[in-house]
>>> print(open('upload.csv').read())   # CSV, C-alpha atoms
chain,number,residue,atom,x,y,z
A,1,MET,CA,119.8,99.3,123.4
A,2,THR,CA,120.1,103.1,123.4
A,3,GLY,CA,120.0,105.5,120.5
A,4,THR,CA,123.4,105.0,119.2
A,5,SER,CA,125.4,107.1,116.8
A,6,SER,CA,128.8,105.4,116.6
A,7,GLU,CA,129.4,103.1,113.8
A,8,GLY,CA,130.9,100.4,116.0
A,9,ALA,CA,127.9,100.3,118.3
A,10,ARG,CA,125.6,100.3,115.3
A,11,ARG,CA,127.4,97.3,113.8
A,12,GLU,CA,127.4,95.5,117.2
A,13,THR,CA,123.6,96.1,117.6
A,14,PHE,CA,122.9,95.0,114.0
A,15,LEU,CA,124.9,91.7,114.4
A,16,ARG,CA,123.2,91.0,117.7
A,17,LEU,CA,119.7,91.6,116.4
A,18,ILE,CA,120.3,89.5,113.3
A,19,SER,CA,121.7,86.6,115.4
A,20,GLU,CA,119.0,86.8,118.0
A,21,TYR,CA,116.1,87.1,115.5
A,22,LYS,CA,117.4,85.0,112.7
A,23,SER,CA,114.7,82.3,113.1
A,24,PRO,CA,111.8,84.6,113.8
A,25,LEU,CA,112.7,86.6,110.6
A,26,GLN,CA,112.9,83.4,108.6
A,27,ARG,CA,109.5,82.4,109.8
A,28,LEU,CA,108.1,85.8,109.1
A,29,ALA,CA,109.5,85.7,105.6
A,30,ALA,CA,107.9,82.2,105.1
A,31,ALA,CA,104.5,83.7,106.1
A,32,TYR,CA,104.8,86.2,103.2
A,33,VAL,CA,106.5,84.3,100.4
A,34,ARG,CA,106.8,80.7,99.3
A,35,GLU,CA,110.1,80.4,97.5
A,36,VAL,CA,113.4,80.3,99.5
A,37,PRO,CA,115.2,82.8,97.3
A,38,ASP,CA,112.3,85.2,97.7
A,39,ARG,CA,112.4,84.7,101.5
A,40,GLU,CA,116.1,85.5,101.4
A,41,ASP,CA,115.3,88.7,99.4
A,42,VAL,CA,112.7,89.7,102.0
A,43,ILE,CA,115.2,89.1,104.9
A,44,GLN,CA,117.9,91.1,103.1
A,45,GLU,CA,115.5,94.0,102.7
A,46,ILE,CA,114.6,93.8,106.4
A,47,ALA,CA,118.3,93.8,107.2
A,48,VAL,CA,118.8,97.0,105.2
A,49,ALA,CA,115.8,98.6,106.9
A,50,LEU,CA,117.1,97.5,110.3
A,51,TRP,CA,120.6,98.9,109.6
A,52,GLN,CA,119.1,102.3,108.6
A,53,ALA,CA,116.7,102.3,111.6
A,54,ILE,CA,119.1,101.5,114.3
A,55,PRO,CA,120.4,105.1,114.9
A,56,LYS,CA,116.7,106.2,115.1
A,57,PHE,CA,115.7,103.8,117.9
A,58,ARG,CA,114.8,105.7,121.0
A,59,ASN,CA,113.6,103.2,123.5
A,60,GLU,CA,110.0,104.4,123.1
A,61,SER,CA,109.0,100.8,122.6
A,62,SER,CA,110.7,97.5,123.4
A,63,GLU,CA,113.4,96.4,121.0
A,64,ARG,CA,111.4,93.3,120.1
A,65,THR,CA,108.2,95.1,119.1
A,66,TRP,CA,110.3,97.7,117.2
A,67,LEU,CA,112.1,95.0,115.3
A,68,TYR,CA,108.8,93.2,114.4
A,69,ARG,CA,107.3,96.5,113.2
A,70,ILE,CA,110.3,97.1,110.9
A,71,ALA,CA,110.2,93.5,109.7
A,72,HIS,CA,106.5,93.4,108.8
A,73,ASN,CA,106.5,96.9,107.3
A,74,THR,CA,109.6,96.1,105.2
A,75,ALA,CA,108.3,92.7,104.2
A,76,ILE,CA,105.2,94.3,102.8
A,77,THR,CA,107.1,96.6,100.5
A,78,ALA,CA,109.6,93.8,99.6
A,79,VAL,CA,106.7,91.4,98.7
A,80,THR,CA,105.1,94.1,96.5
A,81,LYS,CA,108.4,94.5,94.6
A,82,LEU,CA,108.7,90.7,94.2
A,83,ARG,CA,105.1,90.5,93.0
A,84,ARG,CA,105.8,93.2,90.4
A,85,ARG,CA,108.7,91.1,89.2
A,86,GLY,CA,106.3,88.2,88.8
A,87,ARG,CA,108.1,86.1,91.4
A,88,SER,CA,106.8,84.0,94.3
A,89,GLU,CA,104.5,82.0,92.1
A,90,ALA,CA,106.1,78.6,92.4
A,91,ALA,CA,105.2,75.6,94.6
A,92,LEU,CA,105.1,75.8,98.3
A,93,ASP,CA,108.3,75.2,100.2
A,94,ASP,CA,108.7,74.1,103.7
A,95,LEU,CA,110.1,76.4,106.4
A,96,PRO,CA,113.8,76.8,106.0
A,97,GLU,CA,115.9,74.1,107.6
A,98,PRO,CA,119.0,75.1,109.6
A,99,PRO,CA,121.9,74.2,107.3
A,100,ASP,CA,123.8,72.2,109.9
A,101,ARG,CA,120.8,70.4,111.4
A,102,PRO,CA,118.9,68.4,108.9
A,103,SER,CA,115.6,66.8,110.0
A,104,PRO,CA,115.9,63.4,111.6
A,105,PRO,CA,114.6,60.9,109.1
A,106,THR,CA,112.0,59.6,111.5
A,107,ASN,CA,108.3,59.3,111.0
A,108,ASP,CA,107.7,61.8,113.7
A,109,GLY,CA,110.0,64.3,112.1
A,110,LEU,CA,108.3,63.8,108.7
A,111,ILE,CA,104.8,64.2,110.1
A,112,GLU,CA,105.9,67.3,112.0
A,113,ALA,CA,107.5,68.8,108.9
A,114,GLU,CA,104.4,68.1,106.9
A,115,ARG,CA,102.1,69.6,109.5
A,116,ARG,CA,104.4,72.7,109.7
A,117,THR,CA,104.1,73.0,105.9
A,118,TRP,CA,100.3,72.9,106.2
A,119,LEU,CA,100.3,75.6,108.9
A,120,VAL,CA,102.6,77.9,106.9
A,121,GLN,CA,100.4,77.4,103.8
A,122,ALA,CA,97.2,78.0,105.8
A,123,ILE,CA,98.8,81.2,107.3
A,124,ARG,CA,99.7,82.5,103.8
A,125,LEU,CA,96.2,82.1,102.7
A,126,LEU,CA,94.9,84.5,105.4
A,127,PRO,CA,94.4,88.2,104.6
A,128,ALA,CA,97.6,90.1,105.2
A,129,ASP,CA,96.6,91.8,108.4
A,130,ASP,CA,95.3,88.6,109.9
A,131,ARG,CA,98.6,86.9,108.8
A,132,GLN,CA,100.5,89.6,110.7
A,133,ILE,CA,98.4,89.2,113.9
A,134,VAL,CA,98.7,85.4,113.9
A,135,THR,CA,102.4,85.2,113.2
A,136,LEU,CA,103.1,87.7,116.0
A,137,HIS,CA,100.8,85.7,118.3
A,138,LEU,CA,102.6,82.4,117.4
A,139,GLU,CA,105.9,84.1,118.1
A,140,ASP,CA,104.6,84.4,121.6
A,141,LEU,CA,104.0,88.1,121.7
A,142,SER,CA,101.3,89.3,124.1
A,143,HIS,CA,98.2,91.1,122.9
A,144,ARG,CA,99.7,94.3,124.3
A,145,GLN,CA,102.8,93.9,122.2
A,146,ILE,CA,100.7,93.0,119.1
A,147,GLN,CA,98.8,96.2,119.7
A,148,GLU,CA,102.1,98.2,119.8
A,149,ILE,CA,103.1,96.6,116.5
A,150,THR,CA,99.9,96.7,114.5
A,151,GLY,CA,98.2,99.7,116.0
A,152,LEU,CA,94.9,97.7,116.5
A,153,SER,CA,93.2,97.6,119.9
A,154,GLU,CA,93.6,94.6,122.2
A,155,GLY,CA,89.9,93.9,121.9
A,156,ALA,CA,90.1,93.8,118.1
A,157,ILE,CA,93.2,91.6,118.3
A,158,ALA,CA,91.5,89.1,120.6
A,159,THR,CA,88.4,88.9,118.3
A,160,ARG,CA,90.5,88.4,115.2
A,161,LEU,CA,92.7,85.8,116.8
A,162,SER,CA,89.7,83.8,117.8
A,163,ARG,CA,88.4,83.9,114.2
A,164,ILE,CA,91.8,83.2,112.8
A,165,ARG,CA,92.2,80.1,115.0
A,166,THR,CA,89.0,78.6,113.8
A,167,ARG,CA,89.9,79.3,110.2
A,168,LEU,CA,93.4,77.9,110.5
A,169,ALA,CA,92.1,74.8,112.2
A,170,ALA,CA,89.6,74.2,109.4
A,171,GLN,CA,92.2,74.8,106.7
A,172,ILE,CA,94.7,72.5,108.3
A,173,ARG,CA,92.0,69.8,108.6
A,174,ASN,CA,91.2,70.2,104.9
A,175,LEU,CA,94.9,69.9,104.0
A,176,GLU,CA,95.3,66.8,106.1
A,177,VAL,CA,92.5,65.0,104.4
A,178,GLN,CA,93.6,65.9,100.9
A,179,PRO,CA,95.4,63.0,99.2
B,1,MET,CA,94.8,74.8,119.7
B,2,THR,CA,97.0,77.9,120.0
B,3,ASP,CA,99.7,76.0,122.0
B,4,GLU,CA,99.7,73.2,119.5
B,5,LEU,CA,100.0,75.7,116.6
B,6,ARG,CA,102.7,77.6,118.4
B,7,ASP,CA,104.7,74.4,119.0
B,8,LEU,CA,104.4,73.6,115.4
B,9,TRP,CA,105.3,77.1,114.2
B,10,LEU,CA,108.3,77.3,116.5
B,11,SER,CA,109.4,73.7,116.1
B,12,LYS,CA,113.0,73.0,115.1
B,13,SER,CA,114.0,76.6,114.2
B,14,GLN,CA,113.2,77.6,117.8
B,15,ARG,CA,115.8,75.2,119.0
B,16,GLU,CA,118.6,76.9,117.2
B,17,SER,CA,117.7,80.4,118.3
B,18,GLY,CA,118.9,80.0,121.9
B,19,GLN,CA,122.5,79.3,120.8
B,20,CYS,CA,122.8,82.0,118.2
B,21,GLU,CA,125.2,84.3,119.8
B,22,SER,CA,127.7,81.6,120.5
B,23,ASN,CA,127.4,79.9,117.1
B,24,PRO,CA,130.4,81.0,114.9
B,25,THR,CA,128.5,80.2,111.7
B,26,LEU,CA,125.7,82.5,112.6
B,27,ILE,CA,128.2,85.3,113.5
B,28,GLU,CA,129.9,84.8,110.1
B,29,GLU,CA,126.5,84.9,108.4
B,30,GLY,CA,125.7,88.1,110.2
B,31,GLU,CA,129.0,89.7,109.2
B,32,LYS,CA,128.4,88.7,105.6
B,33,MET,CA,124.9,90.1,105.7
B,34,LEU,CA,126.2,93.3,107.2
B,35,THR,CA,128.7,93.7,104.4
B,36,ILE,CA,125.9,93.3,101.8
B,37,VAL,CA,123.6,95.6,103.7
B,38,ILE,CA,126.3,98.4,103.8
B,39,GLU,CA,127.0,97.9,100.2
B,40,ASN,CA,123.3,98.0,99.2
B,41,THR,CA,122.8,101.2,101.3
B,42,ARG,CA,125.8,102.8,99.6
B,43,ASN,CA,124.6,101.8,96.2
B,44,PHE,CA,121.2,103.3,96.9
B,45,ASP,CA,122.6,106.6,98.2
B,46,ARG,CA,124.9,106.7,95.1
B,47,ARG,CA,121.9,106.1,92.8
B,48,ILE,CA,120.0,108.9,94.4
B,49,ALA,CA,123.0,111.3,94.2
B,50,VAL,CA,123.5,110.4,90.5
B,51,ARG,CA,119.8,111.0,89.7
B,52,ASN,CA,119.8,114.3,91.5
B,53,ALA,CA,123.0,115.4,89.7
B,54,ILE,CA,121.5,114.5,86.3
B,55,GLU,CA,118.3,116.4,87.1
B,56,CYS,CA,120.2,119.4,88.3
B,57,SER,CA,122.7,119.5,85.4
B,58,SER,CA,119.9,119.0,82.8
B,59,ALA,CA,118.0,122.0,84.4
B,60,LEU,CA,121.2,124.0,84.4
B,61,ALA,CA,122.0,123.1,80.8
B,62,VAL,CA,118.5,124.2,79.7
B,63,THR,CA,118.9,127.4,81.7
B,64,VAL,CA,122.3,128.3,80.3
B,65,LEU,CA,121.5,127.3,76.7
B,66,PHE,CA,118.3,129.3,76.5
B,67,ALA,CA,119.8,132.3,78.4
B,68,TRP,CA,122.4,132.4,75.6
B,69,PHE,CA,119.6,132.0,72.9
B,70,ALA,CA,117.7,134.9,74.6
B,71,TRP,CA,120.9,137.0,74.6
B,72,ARG,CA,121.4,136.4,70.9
B,73,ALA,CA,117.8,136.6,69.9
B,74,PRO,CA,117.2,139.1,67.1
B,75,SER,CA,113.6,140.2,68.2
B,76,LEU,CA,112.0,141.1,71.4
B,77,LEU,CA,109.4,138.3,71.3
B,78,GLU,CA,112.0,135.7,70.7
B,79,ARG,CA,114.1,137.1,73.5
B,80,ILE,CA,111.1,136.9,75.9
B,81,GLY,CA,110.3,133.4,74.8
B,82,MET,CA,113.8,132.1,75.2
B,83,ALA,CA,114.2,133.9,78.6
B,84,MET,CA,111.0,132.2,79.7
B,85,VAL,CA,112.4,128.7,78.8
B,86,SER,CA,115.6,129.6,80.6
B,87,VAL,CA,113.8,130.6,83.8
B,88,SER,CA,111.6,127.5,83.6
B,89,GLY,CA,114.8,125.4,83.6
B,90,VAL,CA,115.6,126.8,87.1
B,91,TRP,CA,111.9,126.4,88.2
B,92,ILE,CA,111.7,122.7,87.1
B,93,GLY,CA,115.1,122.0,88.7
B,94,PHE,CA,113.9,123.5,92.0
B,95,TYR,CA,110.5,121.8,91.8
B,96,LEU,CA,112.1,118.4,91.1
B,97,LEU,CA,114.5,118.7,94.0
B,98,ARG,CA,111.8,120.1,96.4
B,99,PHE,CA,108.8,117.8,95.5
B,100,GLY,CA,109.9,115.2,93.0
B,101,SER,CA,112.6,113.2,94.7
B,102,GLY,CA,110.5,110.0,95.0
B,103,PRO,CA,108.7,108.8,98.1
B,104,GLU,CA,110.4,110.0,101.3
B,105,ALA,CA,112.3,107.4,103.2
B,106,LEU,CA,109.4,106.2,105.4
B,107,ASP,CA,110.2,105.1,108.9
B,108,PRO,CA,109.4,101.4,109.1
B,109,GLY,CA,109.6,101.6,112.9
B,110,VAL,CA,106.0,102.9,113.1
B,111,SER,CA,103.0,100.7,113.7
B,112,LEU,CA,101.7,98.6,110.7
B,113,SER,CA,98.5,100.7,110.3
B,114,ALA,CA,100.5,104.0,110.5
B,115,TYR,CA,103.0,102.6,107.9
B,116,ARG,CA,100.2,101.7,105.6
B,117,GLN,CA,98.8,105.2,105.8
B,118,LEU,CA,102.3,106.7,105.2
B,119,LEU,CA,102.7,104.5,102.1
B,120,GLU,CA,99.3,105.5,100.8
B,121,GLN,CA,100.1,109.1,101.3
B,122,ALA,CA,103.5,108.8,99.6
B,123,TYR,CA,101.8,107.2,96.5
B,124,GLU,CA,99.1,109.8,96.5
B,125,ARG,CA,101.7,112.5,96.5
B,126,GLN,CA,103.6,111.0,93.6
B,127,ILE,CA,100.3,110.6,91.7
B,128,ARG,CA,99.4,114.2,92.3
B,129,LEU,CA,102.8,115.3,91.1
B,130,LEU,CA,102.3,113.4,87.8
B,131,ARG,CA,98.8,114.7,87.4
B,132,ASN,CA,100.1,118.2,87.8
B,133,VAL,CA,103.0,117.8,85.3
B,134,LYS,CA,101.1,119.9,82.8
B,135,TYR,CA,101.3,122.9,85.1
B,136,TRP,CA,104.7,122.8,86.7
B,137,TYR,CA,106.8,120.9,84.1
B,138,LEU,CA,105.2,121.5,80.7
B,139,LEU,CA,103.4,124.8,80.7
B,140,PRO,CA,106.3,127.2,81.5
B,141,PRO,CA,108.7,126.0,78.8
B,142,TYR,CA,105.9,125.4,76.3
B,143,LEU,CA,104.7,129.0,76.7
B,144,GLY,CA,108.2,130.2,76.2
B,145,LEU,CA,108.8,128.1,73.1
B,146,ILE,CA,105.4,129.2,71.6
B,147,ILE,CA,106.2,132.9,72.2
B,148,ALA,CA,109.7,132.5,70.8
B,149,ASN,CA,108.3,130.7,67.7
B,150,LEU,CA,105.7,133.4,67.3
B,151,GLY,CA,108.5,136.0,67.4
B,152,LEU,CA,110.4,134.0,64.8
B,153,TRP,CA,107.3,133.8,62.6
B,154,LEU,CA,106.6,137.5,62.8
B,155,ARG,CA,110.2,138.3,62.0
B,156,LEU,CA,110.3,136.1,59.0
B,157,LYS,CA,107.0,137.3,57.8
B,158,ALA,CA,108.2,140.9,58.0
B,159,SER,CA,111.2,140.1,55.9
B,160,GLY,CA,109.5,138.1,53.1
B,161,PRO,CA,106.8,135.5,52.3
B,162,ILE,CA,105.3,133.4,55.2
B,163,SER,CA,107.7,130.8,56.5
B,164,TRP,CA,106.0,127.5,57.2
B,165,VAL,CA,109.1,126.4,59.1
B,166,ALA,CA,108.0,128.5,62.1
B,167,ILE,CA,104.5,127.1,62.0
B,168,ALA,CA,105.8,123.5,61.7
B,169,ASP,CA,108.0,124.3,64.7
B,170,ILE,CA,105.0,125.2,66.8
B,171,GLY,CA,103.2,122.0,65.7
B,172,ILE,CA,106.2,119.8,66.6
B,173,VAL,CA,106.7,121.5,69.9
B,174,THR,CA,103.0,121.1,70.7
B,175,ALA,CA,103.1,117.4,69.7
B,176,VAL,CA,106.1,116.6,71.8
B,177,PHE,CA,104.7,118.3,74.9
B,178,ALA,CA,101.3,116.6,74.3
B,179,LEU,CA,103.1,113.2,74.2
B,180,VAL,CA,104.9,113.9,77.5
B,181,TRP,CA,101.7,115.0,79.1
B,182,ILE,CA,99.8,111.9,78.0
B,183,ALA,CA,102.7,109.6,79.0
B,184,ASN,CA,102.7,111.1,82.5
B,185,GLU,CA,99.0,111.5,83.1
B,186,THR,CA,97.9,108.3,81.5
B,187,PHE,CA,100.7,105.7,81.8
B,188,GLY,CA,102.6,107.1,84.7
B,189,VAL,CA,99.5,107.6,86.9
B,190,ARG,CA,98.1,104.2,85.9
B,191,HIS,CA,101.4,102.6,86.9
B,192,LEU,CA,101.5,104.3,90.2
B,193,GLU,CA,97.9,103.5,90.9
B,194,SER,CA,98.5,99.9,90.2
B,195,LEU,CA,101.5,99.9,92.5
B,196,LYS,CA,99.5,101.6,95.2
B,197,ARG,CA,96.7,99.0,94.8
B,198,ASP,CA,99.1,96.1,95.1
B,199,LEU,CA,100.7,97.5,98.1
B,200,LEU,CA,97.4,98.1,99.9
B,201,THR,CA,96.3,94.6,99.0
B,202,ILE,CA,99.4,93.1,100.4
B,203,SER,CA,99.6,95.3,103.4
B,204,GLY,CA,96.2,94.1,104.6
B,205,ASP,CA,93.1,95.8,103.1
B,206,ALA,CA,90.6,93.8,105.2
B,207,SER,CA,88.2,93.7,102.3
B,208,ILE,CA,90.6,91.7,100.2
B,209,GLU,CA,91.2,88.0,100.9
B,210,GLY,CA,94.7,86.8,101.4
B,211,LYS,CA,96.7,85.4,98.5
B,212,ASP,CA,99.4,82.8,98.7
B,213,LEU,CA,102.3,85.0,97.5
>>> encode(input="upload.csv", output="structure tokens")
Amino acid sequence: MTGTSSEGARRETFLRLISEYKSPLQRLAAAYVREVPDREDVIQEIAVALWQAIPKFRNESSERTWLYRIAHNTAITAVTKLRRRGRSEAALDDLPEPPDRPSPPTNDGLIEAERRTWLVQAIRLLPADDRQIVTLHLEDLSHRQIQEITGLSEGAIATRLSRIRTRLAAQIRNLEVQP
Amino acid sequence: MTDELRDLWLSKSQRESGQCESNPTLIEEGEKMLTIVIENTRNFDRRIAVRNAIECSSALAVTVLFAWFAWRAPSLLERIGMAMVSVSGVWIGFYLLRFGSGPEALDPGVSLSAYRQLLEQAYERQIRLLRNVKYWYLLPPYLGLIIANLGLWLRLKASGPISWVAIADIGIVTAVFALVWIANETFGVRHLESLKRDLLTISGDASIEGKDL
């Protein structure tokens, strides 16, 4: 993508990005807020920020890291607004299901869904900066890319990830043994 | 452990991501979202334009009204006071447009730590603006009104017994300005500080443990 000024190219870029990153954005929103309507609000705010930022993109970083920076930064302000409105306090929901692909009603599917819920819950219990690092890591971004997004050094990222893994594993084990 | 967590994290929703561009439902969803996004952006721009227009027209109204009062004022002190209020209308309008138009549109494309700093700076700037309300917003018109009322009091005193109306006027003006000052410096600053604290908590102050939002 190049710095684009024409409205048509901007629309095209926006639609492509939203399509390509729909699932990562849904997972990112789930890492910040519990309720599905709140997640939709967060994604909507990210979309507005993305639309406004497209003309400013200058290829100084990869499109992927740029998009994640916008998404996380915007999610933070969106969550602050939601919190002020007293929302996002309800019970934990699962990650969003694709509307046309319901979970297969098998034991494996149920177990996987449950474990995914535990993982998302455990991630949401992390401090916000750890939450950002681990979600980026789970999205398969390299330490270098996480550095570009967060501004932290690669060393700090590696150290934190190691600590976060231990903490997540312990939290998931706790959730697993709970009745 | 990481691979296992990643598989779990990406499970299911990952499978749909590879076929996004060819999926007509997703394209329709994208188009729908774009329509909402453009509408939201326009509404936001419109709100800013309306707010700026209200601020400018209020400042203009104060300027014109008090210029007219100054022109018609029967004594020198009253004329000076009214003229000061008139000029302060222009000054406040300028100050609001220059420094008071809310947090600048921050670039969310910067790194997370840089964005956090920018947000913090934007809030600090807003808090500073409110803390200084007494100097740039209240003092110029207050001084003008006090001088004009003093002029009125002296004029009335010269033409007969002391008028308590002019003294009461000064009291009322002082009370109103004091209320505006307290509202801005106490409640306004407190509200912004609480917003800033929330934002810093959510954006990852390492000293604060995560909360399930």
>>> closest_residue(input="upload.csv", among="B:Val85, B:Leu77, B:Ile170, B:Leu119", to="chain A", atoms="only C-alpha atoms")
B:Leu119
>>> closest_residue(input="upload.csv", among="A:Thr117, A:His143, A:Val48, A:Ile111", to="chain B", atoms="all atoms listed in the file")
A:Val48
>>> closest_atom_pairs(input="upload.csv", of="region 142-168 of chain A", to="region 49-73 of chain A", cutoff="12 Å", atoms="only C-alpha atoms", output="JSON lines")
{"residue": "A:Ser142", "atom": "CA", "partner": "A:Thr65", "partner_atom": "CA", "distance": 10.3}
{"residue": "A:His143", "atom": "CA", "partner": "A:Thr65", "partner_atom": "CA", "distance": 11.4}
{"residue": "A:Arg144", "atom": "CA", "partner": "A:Thr65", "partner_atom": "CA", "distance": 10.0}
{"residue": "A:Gln145", "atom": "CA", "partner": "A:Thr65", "partner_atom": "CA", "distance": 6.3}
{"residue": "A:Ile146", "atom": "CA", "partner": "A:Thr65", "partner_atom": "CA", "distance": 7.8}
{"residue": "A:Gln147", "atom": "CA", "partner": "A:Thr65", "partner_atom": "CA", "distance": 9.5}
{"residue": "A:Glu148", "atom": "CA", "partner": "A:Thr65", "partner_atom": "CA", "distance": 6.9}
{"residue": "A:Ile149", "atom": "CA", "partner": "A:Arg69", "partner_atom": "CA", "distance": 5.3}
{"residue": "A:Thr150", "atom": "CA", "partner": "A:Arg69", "partner_atom": "CA", "distance": 7.5}
{"residue": "A:Gly151", "atom": "CA", "partner": "A:Arg69", "partner_atom": "CA", "distance": 10.0}
>>> write_last_selection(input="upload.csv", atoms="C-alpha atoms", output="CSV table (one decimal), in the frame of the given file")
chain,number,residue,atom,x,y,z
A,142,SER,CA,101.3,89.3,124.1
A,143,HIS,CA,98.2,91.1,122.9
A,144,ARG,CA,99.7,94.3,124.3
A,145,GLN,CA,102.8,93.9,122.2
A,146,ILE,CA,100.7,93.0,119.1
A,147,GLN,CA,98.8,96.2,119.7
A,148,GLU,CA,102.1,98.2,119.8
A,149,ILE,CA,103.1,96.6,116.5
A,150,THR,CA,99.9,96.7,114.5
A,151,GLY,CA,98.2,99.7,116.0
>>> atom_distance(input="upload.csv", atom1="CA of Leu60 (chain B)", atom2="CA of Pro140 (chain B)")
15.5 Å
>>> closest_residue(input="upload.csv", among="B:Leu150, B:Leu112, B:Ile182, B:Ala83", to="Asp130 (chain A)", atoms="only C-alpha atoms")
B:Leu112
>>> closest_residue(input="upload.csv", among="A:Arg10, A:Arg160, A:His137, A:Arg124", to="chain B", atoms="all atoms listed in the file")
A:Arg124
>>> residues_near_point(input="upload.csv", point="(113.5, 132.2, 68.7)", cutoff="10 Å", atoms="only C-alpha atoms", output="list in words")
Phe66, Phe69, Ala70, Arg72, Ala73, Pro74, Ser75, Leu76, Leu77, Glu78, Arg79, Ile80, Gly81, Met82, Gly144, Leu145, Ile146, Ile147, Ala148, Asn149, Leu150, Gly151, Leu152, Trp153, Arg155 and Ala166 of chain B
>>> interface_residues(input="upload.csv", of="chain A", to="chain B", cutoff="8 Å", atoms="all atoms listed in the file", output="PyMOL selection string")
chain A and resi 11+14-16+18-23+32-34+44+47-49+51+53+66-67+69-74+76-77+79-80+83+88-89+97-98+112+115-116+119-121+124-130+138-140+148-152+165+169
>>> atom_distance(input="upload.csv", atom1="CA of Gln126 (chain B)", atom2="CA of Glu55 (chain B)")
17.0 Å
>>> closest_residue(input="upload.csv", among="B:Asp45, B:Glu185, B:Glu193, B:Glu120", to="Lys134 (chain B)", atoms="only C-alpha atoms")
B:Glu185
